[in-house]
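K.L.:
work.cif is the file, holding mmCIF, C-alpha atoms:
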```
data_input
#
loop_
_atom_site.label_atom_id
_atom_site.label_comp_id
_atom_site.auth_asym_id
_atom_site.auth_seq_id
_atom_site.Cartn_x
_atom_site.Cartn_y
_atom_site.Cartn_z
CA MET A 141 9.69 -3.97 -15.00
CA SER A 142 5.97 -3.23 -14.76
CA ASP A 143 4.00 -1.79 -17.65
CA TYR A 144 1.71 0.13 -15.29
CA ASN A 145 1.65 3.93 -15.44
CA ILE A 146 0.53 5.79 -12.32
CA LEU A 147 -0.27 9.51 -12.20
CA VAL A 148 0.59 11.01 -8.80
CA VAL A 149 -1.10 14.36 -8.14
CA ASP A 150 -0.07 16.31 -5.03
CA ASP A 151 1.04 19.90 -4.47
CA GLU A 152 3.67 18.81 -1.93
CA ALA A 153 6.91 17.85 -3.69
CA ARG A 154 8.07 15.80 -0.68
CA MET A 155 4.88 13.76 -0.74
CA ARG A 156 5.21 13.09 -4.47
CA LYS A 157 8.81 12.00 -3.99
CA LEU A 158 7.90 9.69 -1.11
CA ILE A 159 5.16 7.99 -3.14
CA LYS A 160 7.32 7.83 -6.27
CA ASP A 161 10.31 6.31 -4.47
CA PHE A 162 8.26 3.43 -3.08
CA LEU A 163 6.29 2.74 -6.25
CA VAL A 164 9.36 2.90 -8.52
CA GLN A 165 10.91 0.18 -6.36
CA LYS A 166 8.01 -2.02 -7.40
CA GLY A 167 8.63 -1.29 -11.07
CA TYR A 168 5.82 1.18 -11.68
CA HIS A 169 6.28 4.14 -14.02
CA ILE A 170 5.32 7.38 -12.27
CA ILE A 171 4.02 10.58 -13.86
CA GLU A 172 3.83 13.62 -11.55
CA ALA A 173 1.52 16.65 -11.39
CA GLU A 174 1.76 19.40 -8.78
CA ASP A 175 -1.77 20.78 -9.06
CA GLY A 176 -5.20 19.97 -10.46
CA GLU A 177 -4.82 21.89 -13.70
CA GLU A 178 -1.55 20.15 -14.56
CA ALA A 179 -3.13 16.81 -13.68
CA LEU A 180 -5.93 17.32 -16.20
CA GLU A 181 -3.47 18.40 -18.89
CA ILE A 182 -1.31 15.32 -18.34
CA PHE A 183 -4.34 13.05 -18.24
CA GLU A 184 -5.65 14.40 -21.56
CA GLN A 185 -2.27 13.71 -23.15
CA ASN A 186 -1.91 10.22 -21.66
CA LYS A 187 -5.47 9.01 -20.99
CA ASN A 188 -4.94 5.73 -22.83
CA LYS A 189 -1.72 5.00 -20.97
CA ILE A 190 -2.58 5.83 -17.35
CA ASP A 191 -3.68 2.81 -15.29
CA LEU A 192 -4.23 4.49 -11.92
CA ILE A 193 -4.39 8.00 -10.45
CA LEU A 194 -3.34 8.90 -6.90
CA LEU A 195 -5.11 12.20 -6.33
CA ASP A 196 -4.70 14.63 -3.43
CA VAL A 197 -7.86 16.42 -2.29
CA MET A 198 -6.56 19.79 -1.10
CA MET A 199 -4.59 21.50 -3.89
CA PRO A 200 -4.23 25.01 -5.37
CA LYS A 201 -5.83 26.09 -8.65
CA LEU A 202 -8.12 23.04 -8.85
CA ASP A 203 -8.88 20.72 -5.95
CA GLY A 204 -9.09 16.95 -6.13
CA TRP A 205 -12.89 16.83 -6.24
CA SER A 206 -12.94 19.07 -9.34
CA VAL A 207 -10.30 16.95 -11.05
CA LEU A 208 -12.23 13.80 -10.18
CA ARG A 209 -15.48 15.15 -11.63
CA GLN A 210 -13.85 16.09 -14.93
CA ILE A 211 -12.02 12.79 -15.34
CA ARG A 212 -15.16 10.80 -14.54
CA GLN A 213 -16.96 12.50 -17.42
CA GLU A 214 -14.83 10.53 -19.85
CA SER A 215 -12.93 7.79 -18.05
CA LYS A 216 -13.31 4.90 -15.60
CA VAL A 217 -9.60 4.88 -14.72
CA PRO A 218 -9.21 3.82 -11.06
CA ILE A 219 -8.68 6.80 -8.73
CA MET A 220 -7.34 6.66 -5.18
CA MET A 221 -7.84 9.84 -3.16
CA LEU A 222 -5.12 11.04 -0.80
CA THR A 223 -6.78 12.96 2.00
CA ALA A 224 -5.79 14.40 5.35
CA ARG A 225 -9.37 14.87 6.39
CA GLY A 226 -10.44 11.36 7.17
CA GLU A 227 -14.01 12.55 7.51
CA GLU A 228 -16.62 9.89 6.87
CA GLN A 229 -18.96 12.31 5.09
CA ASP A 230 -16.16 13.32 2.73
CA GLU A 231 -15.52 9.68 1.89
CA LEU A 232 -19.19 9.03 1.17
CA PHE A 233 -19.23 12.14 -1.02
CA GLY A 234 -16.19 10.87 -2.89
CA PHE A 235 -17.67 7.45 -3.49
CA GLU A 236 -20.73 9.14 -4.97
CA LEU A 237 -18.44 10.93 -7.43
CA GLY A 238 -16.66 7.73 -8.42
CA VAL A 239 -13.68 7.34 -6.08
CA ASP A 240 -12.38 3.76 -6.04
CA GLU A 241 -10.19 3.91 -2.97
CA TYR A 242 -9.13 6.19 -0.10
CA ILE A 243 -5.99 6.48 1.95
CA SER A 244 -5.65 9.09 4.71
CA LYS A 245 -2.49 11.06 5.44
CA PRO A 246 -0.25 10.31 7.16
CA PHE A 247 -0.05 6.78 5.78
CA SER A 248 2.42 3.95 5.72
CA PRO A 249 4.14 3.80 2.31
CA LYS A 250 3.97 0.02 2.51
CA ILE A 251 0.19 0.17 2.99
CA LEU A 252 -0.07 2.54 0.03
CA VAL A 253 1.91 0.15 -2.16
CA ALA A 254 -0.24 -2.78 -1.02
CA ARG A 255 -3.45 -0.96 -1.96
CA VAL A 256 -2.03 0.12 -5.31
CA GLU A 257 -1.04 -3.47 -6.07
CA ALA A 258 -4.48 -4.72 -5.01
CA ILE A 259 -6.29 -2.28 -7.32
CA LEU A 260 -4.09 -3.07 -10.31
CA LYS A 261 -4.37 -6.80 -9.66
CA ARG A 262 -8.15 -6.57 -9.61
CA ILE A 263 -8.19 -4.61 -12.86
CA LYS A 264 -5.95 -6.95 -14.82
CA GLY A 265 -6.52 -10.20 -13.00
CA ASP A 266 -10.07 -11.05 -13.96
CA VAL A 267 -10.74 -14.27 -15.83
CA ASN A 268 -11.50 -13.94 -19.52
CA LYS A 269 -15.18 -14.74 -19.81
CA VAL A 270 -18.58 -13.21 -20.42
CA VAL A 271 -21.50 -14.30 -18.25
CA ASP A 272 -25.18 -13.34 -18.48
CA TYR A 273 -27.24 -12.93 -15.33
CA GLY A 274 -30.85 -12.46 -16.37
CA GLY A 275 -30.04 -9.81 -18.96
CA ILE A 276 -27.09 -8.33 -17.07
CA THR A 277 -23.98 -9.29 -19.04
CA ILE A 278 -20.60 -9.02 -17.34
CA ASP A 279 -17.38 -9.20 -19.35
CA SER A 280 -14.65 -9.96 -16.79
CA GLU A 281 -11.80 -9.33 -19.19
CA GLY A 282 -13.04 -5.98 -20.43
CA ARG A 283 -14.55 -5.13 -17.02
CA THR A 284 -17.74 -4.01 -18.71
CA VAL A 285 -21.40 -4.41 -17.84
CA LYS A 286 -24.30 -4.44 -20.27
CA VAL A 287 -28.02 -4.42 -19.55
CA ASP A 288 -30.05 -5.96 -22.37
CA GLY A 289 -27.12 -5.37 -24.71
CA LYS A 290 -26.56 -1.73 -23.76
CA GLN A 291 -23.30 -0.95 -21.99
CA ILE A 292 -23.52 1.04 -18.77
CA GLU A 293 -20.75 3.08 -17.16
CA MET A 294 -19.52 1.96 -13.76
CA SER A 295 -16.65 2.95 -11.52
CA LEU A 296 -14.18 0.26 -10.51
CA ARG A 297 -15.76 -0.04 -7.06
CA GLU A 298 -19.29 -0.28 -8.45
CA TYR A 299 -18.17 -2.97 -10.89
CA GLU A 300 -16.42 -4.97 -8.16
CA LEU A 301 -19.42 -4.74 -5.85
CA LEU A 302 -21.80 -5.93 -8.55
CA LYS A 303 -19.37 -8.70 -9.54
CA TYR A 304 -19.11 -9.86 -5.93
CA LEU A 305 -22.90 -9.95 -5.60
CA VAL A 306 -23.43 -11.95 -8.82
CA ASP A 307 -20.57 -14.33 -8.01
CA ASN A 308 -22.43 -15.10 -4.79
CA GLN A 309 -25.95 -14.97 -6.18
CA ASN A 310 -28.76 -16.32 -4.03
CA ILE A 311 -26.56 -15.90 -0.94
CA ALA A 312 -27.37 -13.29 1.70
CA LEU A 313 -24.22 -11.24 2.25
CA SER A 314 -23.67 -9.12 5.33
CA ARG A 315 -22.33 -5.59 5.00
CA ASP A 316 -19.19 -6.58 6.91
CA LYS A 317 -18.51 -9.45 4.52
CA ILE A 318 -19.03 -7.18 1.52
CA LEU A 319 -16.65 -4.57 2.96
CA ASN A 320 -13.95 -7.12 3.70
CA ASN A 321 -14.16 -8.74 0.26
CA VAL A 322 -14.87 -5.82 -2.07
CA TRP A 323 -12.91 -3.08 -0.31
CA ASN A 324 -10.12 -5.61 0.28
CA TYR A 325 -9.24 -4.30 3.76
CA ASP A 326 -10.97 -3.50 7.03
CA TYR A 327 -13.04 -0.38 6.47
CA TYR A 328 -13.62 1.50 9.71
CA GLY A 329 -16.17 3.98 8.47
CA ASP A 330 -19.94 3.66 8.41
CA SER A 331 -21.31 0.81 6.29
CA ARG A 332 -23.59 3.37 4.65
CA THR A 333 -20.94 3.54 1.95
CA ILE A 334 -22.24 0.15 0.74
CA ASP A 335 -25.83 1.41 0.73
CA SER A 336 -24.71 4.42 -1.32
CA HIS A 337 -23.01 2.19 -3.91
CA ILE A 338 -25.97 -0.19 -4.07
CA LYS A 339 -28.32 2.72 -4.72
CA LYS A 340 -26.20 3.89 -7.66
CA ILE A 341 -25.84 0.39 -9.09
CA ARG A 342 -29.59 -0.23 -8.91
CA HIS A 343 -30.23 3.04 -10.71
CA LYS A 344 -27.80 2.12 -13.47
CA LEU A 345 -29.30 -1.36 -13.87
CA GLY A 346 -32.76 0.13 -14.35
CA LYS A 347 -35.56 -2.43 -13.99
CA LYS A 348 -33.01 -5.14 -13.33
CA GLY A 349 -31.89 -3.29 -10.22
CA LYS A 350 -34.58 -5.30 -8.46
CA TYR A 351 -32.23 -8.31 -8.69
CA ILE A 352 -30.28 -6.76 -5.80
CA GLU A 353 -32.48 -7.49 -2.80
CA THR A 354 -32.11 -5.79 0.57
CA MET A 355 -31.98 -8.37 3.36
CA ARG A 356 -33.30 -6.53 6.39
CA GLY A 357 -30.90 -6.76 9.32
CA VAL A 358 -28.30 -8.56 7.21
CA GLY A 359 -27.18 -6.90 3.98
CA TYR A 360 -27.86 -7.72 0.35
CA LYS A 361 -28.50 -10.63 -1.98
CA PHE A 362 -28.39 -10.89 -5.78
CA GLU A 363 -31.16 -13.06 -7.18
CA VAL A 364 -32.49 -13.14 -10.74
CA LYS A 365 -36.26 -12.92 -10.54
#
```
Now, as a test, write the supplied structure out as structure tokens.
P.N.:
Amino acid sequence: MSDYNILVVDDEARMRKLIKDFLVQKGYHIIEAEDGEEALEIFEQNKNKIDLILLDVMMPKLDGWSVLRQIRQESKVPIMMLTARGEEQDELFGFELGVDEYISKPFSPKILVARVEAILKRIKGDVNKVVDYGGITIDSEGRTVKVDGKQIEMSLREYELLKYLVDNQNIALSRDKILNNVWNYDYYGDSRTIDSHIKKIRHKLGKKGKYIETMRGVGYKFEVK
């Protein structure tokens, strides 16, 4: 049996049951919440135990965006948004707030399981090592980033994007290649989502944000200068 705990937040009981049934088959332990307020209460009680949150956007009492904002004030736990909208602007907005993954309703349960497994594998599957890149220190085991010894907060997606860039330093990477490797599946939205993430990462890296160079007409390259 898996040791992973997943919080499923959705106001539709049938949707929660569908998700739970498929994830339980894979050995995951599921905690359920039927609205945003209950989700925050459960998270506060189990914040050190929850490995992933599947969070619906449209809910009574407190919507998914509000829940996301409050959780991101204190935690980097991976969050996958369940949305029926499928609007590109909504997805960009969510990534700005710290969403790690999206899946639009209706979705294939098998695809959902595959994405859950991919996220959890990325979280726990990093090699145990600490590497310094010109003052940017990345601890792959702890999934932490420090700039000149000071730890900075990053969402899972921001961390993975930075890690991908540094693992391929001095190589010009196209936006399509970044999407396929970091997002781990074909992303059909606008590649501006990468630009949005890069902007946030540069800001967090401060002066060392200049290491991420924009390659006009191509994408991005990480180079210590």
K.L.:
For the file shown, report as a ChimeraX atom specification the outcome of the PyMOL selection byres ((chain A and resi 193-199) around 7) at residue level.
P.N.:
/A:146-151,175-176,192,200-205,218-223
K.L.:
Under the rule that only C-alpha atoms are counted, which of A:Met355, A:Val256, A:Ala224, A:Val217 is the nearest residue to Leu296 (chain A)?
P.N.:
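Smallest separation from Leu296 (chain A) among the options: A:Val217.
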K.L.:
Enter the distance from CA of Asn310 (chain A) to CA of Ile263 (chain A), in Å, rounded to one decimal.
P.N.:
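Between CA of Asn310 (chain A) and CA of Ile263 (chain A) the gap works out to 25.3 Å.
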K.L.:
What is the CA of Val358 (chain A)-CA of Glu241 (chain A) distance in Å, reported with one decimal?
P.N.:
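Computing it gives 24.2 Å between the two atoms.
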K.L.:
Have a look at A:Gly167, A:Glu174, A:Asp279, A:Asp240 and name the one nearest to Glu152 (chain A); count only C-alpha atoms.
P.N.:
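The closest residue to Glu152 (chain A) is A:Glu174.
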K.L.:
Point out the residue among A:Arg154, A:Lys340, A:Lys245, A:Lys361 with the least atom-to-atom distance to Glu293 (chain A), counting all atoms listed in the file.
P.N.:
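Nearest candidate to Glu293 (chain A) out of A:Arg154, A:Lys340, A:Lys245, A:Lys361: A:Lys340.
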K.L.:
Looking at all atoms listed in the file, which of A:Ile190, A:Val287, A:Leu158, A:Leu260 is the one that sits closest to Gly346 (chain A)?
P.N.:
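For Gly346 (chain A), the nearest of the given residues is A:Val287.
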